[in-house]
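Engineer: Below you'll find the structure I mean.
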Amino acid sequence: MNIKWNFLILAILATASIGSIGIFIAEKSLIGILAAIVVLCGVMGFGFTQKKKLREAGKL
């Protein structure tokens, strides 16, 4: 089994940011919610970009 550690770390970061959205909703912090959404979009976008590059290079 070959683990892609960079994708595992990105998945953990995305999961943590989704969880933090829930926490900030409970705390009623609009700035926190927006920041968590921005982080989530950034992490997911970076992950998809990396996956596309690896797929085009034939390494995935």
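How things are named: the first chain in the structure tokens is A, the next is B, and so on; residues count from 1 in each chain; ligands count from 1 in the order shown.
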Going by DSSP on the backbone, which residues of chain A come out as helix (DSSP H, G or I)? List them as a ChimeraX atom specification.

Structural biologist: /A:5-27,30-56

Engineer: Could you pull the residues within 12 Å of A:Val38, counting only C-alpha atoms, minus those fewer than 6 positions along the same chain, as a PDB file with N, CA, C and O atoms, in the first residue's frame?

Structural biologist:
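Saved result, around.pdb, follows:
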```
ATOM      1  N   ALA A  14      -8.826  19.679   5.571  1.00  0.00           N
ATOM      2  CA  ALA A  14     -10.169  19.985   5.088  1.00  0.00           C
ATOM      3  C   ALA A  14     -11.221  19.548   6.101  1.00  0.00           C
ATOM      4  O   ALA A  14     -12.187  20.277   6.367  1.00  0.00           O
ATOM      5  N   SER A  17     -11.253  21.961   8.983  1.00  0.00           N
ATOM      6  CA  SER A  17     -11.899  23.239   8.673  1.00  0.00           C
ATOM      7  C   SER A  17     -13.417  23.081   8.593  1.00  0.00           C
ATOM      8  O   SER A  17     -14.147  23.990   8.989  1.00  0.00           O
ATOM      9  N   ILE A  18     -13.901  21.927   8.126  1.00  0.00           N
ATOM     10  CA  ILE A  18     -15.347  21.671   8.145  1.00  0.00           C
ATOM     11  C   ILE A  18     -15.845  21.620   9.591  1.00  0.00           C
ATOM     12  O   ILE A  18     -16.891  22.200   9.923  1.00  0.00           O
ATOM     13  N   SER A  20     -14.446  23.074  12.121  1.00  0.00           N
ATOM     14  CA  SER A  20     -14.359  24.416  12.705  1.00  0.00           C
ATOM     15  C   SER A  20     -15.513  25.304  12.251  1.00  0.00           C
ATOM     16  O   SER A  20     -15.925  26.199  12.994  1.00  0.00           O
ATOM     17  N   ILE A  21     -16.060  25.047  11.067  1.00  0.00           N
ATOM     18  CA  ILE A  21     -17.246  25.800  10.651  1.00  0.00           C
ATOM     19  C   ILE A  21     -18.379  25.541  11.639  1.00  0.00           C
ATOM     20  O   ILE A  21     -19.055  26.477  12.074  1.00  0.00           O
ATOM     21  N   ILE A  31     -17.114  36.028  11.539  1.00  0.00           N
ATOM     22  CA  ILE A  31     -15.741  36.126  11.015  1.00  0.00           C
ATOM     23  C   ILE A  31     -15.076  34.755  11.019  1.00  0.00           C
ATOM     24  O   ILE A  31     -14.397  34.376  10.049  1.00  0.00           O
ATOM     25  N   GLY A  32     -15.261  33.989  12.070  1.00  0.00           N
ATOM     26  CA  GLY A  32     -14.700  32.642  12.142  1.00  0.00           C
ATOM     27  C   GLY A  32     -15.282  31.721  11.086  1.00  0.00           C
ATOM     28  O   GLY A  32     -14.561  30.928  10.467  1.00  0.00           O
ATOM     29  N   MET A  44      -9.059  22.645  -0.367  1.00  0.00           N
ATOM     30  CA  MET A  44      -9.652  21.774  -1.382  1.00  0.00           C
ATOM     31  C   MET A  44      -9.141  22.136  -2.775  1.00  0.00           C
ATOM     32  O   MET A  44      -8.826  21.252  -3.574  1.00  0.00           O
ATOM     33  N   GLY A  45      -9.058  23.426  -3.064  1.00  0.00           N
ATOM     34  CA  GLY A  45      -8.550  23.851  -4.367  1.00  0.00           C
ATOM     35  C   GLY A  45      -7.118  23.419  -4.583  1.00  0.00           C
ATOM     36  O   GLY A  45      -6.749  22.941  -5.670  1.00  0.00           O
TER      37      GLY A  45
END
```

Engineer: Near A:Phe24, counting only C-alpha atoms, which residues have an atom at most 10 Å away, once you skip same-chain residues fewer than 6 positions from it, shown as a list of chain:residue names?

Structural biologist: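 Non-adjacent residues within range: A:Leu30, A:Ile31, A:Gly32, A:Ile33, A:Leu34, A:Ala35, A:Ala36.
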
Engineer: What does the distance between atom CA of A:Cys41 and atom CA of A:Trp5 come to in Å, to one decimal place?

Structural biologist: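 So the two atoms, atom CA of A:Cys41 and atom CA of A:Trp5, lie 19.8 Å apart.
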
Engineer: List as a VMD selection string the protein and nucleic acid residues near A:Leu60, meaning an atom at most 8 Å away when only C-alpha atoms are counted, but skip any in the same chain fewer than 5 places from it.

Structural biologist: chain A and resid 51 54 to 55

Engineer: Limited to C-alpha atoms, could you put the picked residues into a file as a PDB file, in the first residue's frame?

Structural biologist:
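This went into selection-v1.pdb:
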```pdb
ATOM      1  CA  LYS A  51      -4.109  15.762  -8.013  1.00  0.00           C
ATOM      2  CA  LEU A  54       0.031  14.247 -10.724  1.00  0.00           C
ATOM      3  CA  ARG A  55      -2.564  12.708 -13.018  1.00  0.00           C
TER       4      ARG A  55
END
```

Engineer: One number please: atom CA of A:Thr49 to atom CA of A:Gly19, in Å, one decimal.

Structural biologist: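 Those two atoms sit 22.8 Å apart.
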
Engineer: For A:Phe46, list every protein, DNA or RNA residue within 12 Å, evaluated using only C-alpha atoms, and leave out those in the same chain fewer than 2 positions away; present the list as a CSV table (one decimal) with N, CA, C and O atoms, in the first residue's frame.

Structural biologist:
```
chain,number,residue,atom,x,y,z
A,6,ASN,N,0.9,13.7,1.4
A,6,ASN,CA,0.4,15.1,1.2
A,6,ASN,C,-1.1,15.1,1.0
A,6,ASN,O,-1.7,16.0,1.6
A,7,PHE,N,-1.7,14.1,0.4
A,7,PHE,CA,-3.1,14.1,0.2
A,7,PHE,C,-3.8,13.8,1.6
A,7,PHE,O,-4.9,14.3,1.9
A,9,ILE,N,-2.7,14.6,4.5
A,9,ILE,CA,-2.6,15.9,5.3
A,9,ILE,C,-3.6,16.9,4.9
A,9,ILE,O,-4.3,17.5,5.7
A,10,LEU,N,-3.8,17.0,3.5
A,10,LEU,CA,-4.8,17.9,3.0
A,10,LEU,C,-6.2,17.5,3.4
A,10,LEU,O,-7.1,18.3,3.7
A,11,ALA,N,-6.5,16.2,3.4
A,11,ALA,CA,-7.8,15.7,3.8
A,11,ALA,C,-8.1,16.0,5.3
A,11,ALA,O,-9.2,16.4,5.6
A,13,LEU,N,-6.7,18.4,7.0
A,13,LEU,CA,-7.0,19.9,7.1
A,13,LEU,C,-8.4,20.3,6.7
A,13,LEU,O,-9.0,21.1,7.3
A,14,ALA,N,-8.8,19.7,5.6
A,14,ALA,CA,-10.2,20.0,5.1
A,14,ALA,C,-11.2,19.5,6.1
A,14,ALA,O,-12.2,20.3,6.4
A,39,VAL,N,-10.5,29.0,4.3
A,39,VAL,CA,-9.5,28.0,4.4
A,39,VAL,C,-9.9,26.7,3.7
A,39,VAL,O,-9.1,26.0,3.1
A,40,LEU,N,-11.1,26.3,3.9
A,40,LEU,CA,-11.6,25.0,3.3
A,40,LEU,C,-11.5,25.1,1.8
A,40,LEU,O,-11.0,24.2,1.1
A,41,CYS,N,-11.9,26.2,1.2
A,41,CYS,CA,-11.9,26.4,-0.3
A,41,CYS,C,-10.4,26.4,-0.7
A,41,CYS,O,-10.1,25.8,-1.8
A,42,GLY,N,-9.5,27.0,0.0
A,42,GLY,CA,-8.1,27.0,-0.3
A,42,GLY,C,-7.5,25.6,-0.3
A,42,GLY,O,-6.8,25.2,-1.2
A,43,VAL,N,-7.8,24.9,0.8
A,43,VAL,CA,-7.2,23.5,0.9
A,43,VAL,C,-7.7,22.6,-0.1
A,43,VAL,O,-7.0,21.8,-0.8
A,44,MET,N,-9.1,22.6,-0.4
A,44,MET,CA,-9.7,21.8,-1.4
A,44,MET,C,-9.1,22.1,-2.8
A,44,MET,O,-8.8,21.3,-3.6
A,48,PHE,N,-7.1,19.6,-5.2
A,48,PHE,CA,-7.5,19.2,-6.6
A,48,PHE,C,-6.5,19.6,-7.6
A,48,PHE,O,-6.2,18.9,-8.6
A,49,THR,N,-5.8,20.7,-7.4
A,49,THR,CA,-4.8,21.2,-8.3
A,49,THR,C,-3.6,20.2,-8.3
A,49,THR,O,-3.1,19.8,-9.4
A,50,GLN,N,-3.2,19.8,-7.1
A,50,GLN,CA,-2.1,18.8,-7.0
A,50,GLN,C,-2.4,17.5,-7.7
A,50,GLN,O,-1.6,16.8,-8.3
A,51,LYS,N,-3.7,17.0,-7.4
A,51,LYS,CA,-4.1,15.8,-8.0
A,51,LYS,C,-4.1,15.8,-9.5
A,51,LYS,O,-3.7,14.9,-10.2
A,52,LYS,N,-4.6,17.0,-10.1
A,52,LYS,CA,-4.6,17.1,-11.5
A,52,LYS,C,-3.1,17.1,-12.1
A,52,LYS,O,-2.9,16.4,-13.1
A,53,LYS,N,-2.2,17.8,-11.4
A,53,LYS,CA,-0.8,17.8,-11.9
A,53,LYS,C,-0.2,16.4,-11.9
A,53,LYS,O,0.5,16.0,-12.8
```

Engineer: To one decimal place, how far is atom CA of A:Lys59 from atom CA of A:Leu8 in Å?

Structural biologist: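 Atom-to-atom, atom CA of A:Lys59 to atom CA of A:Leu8, that is 16.5 Å.
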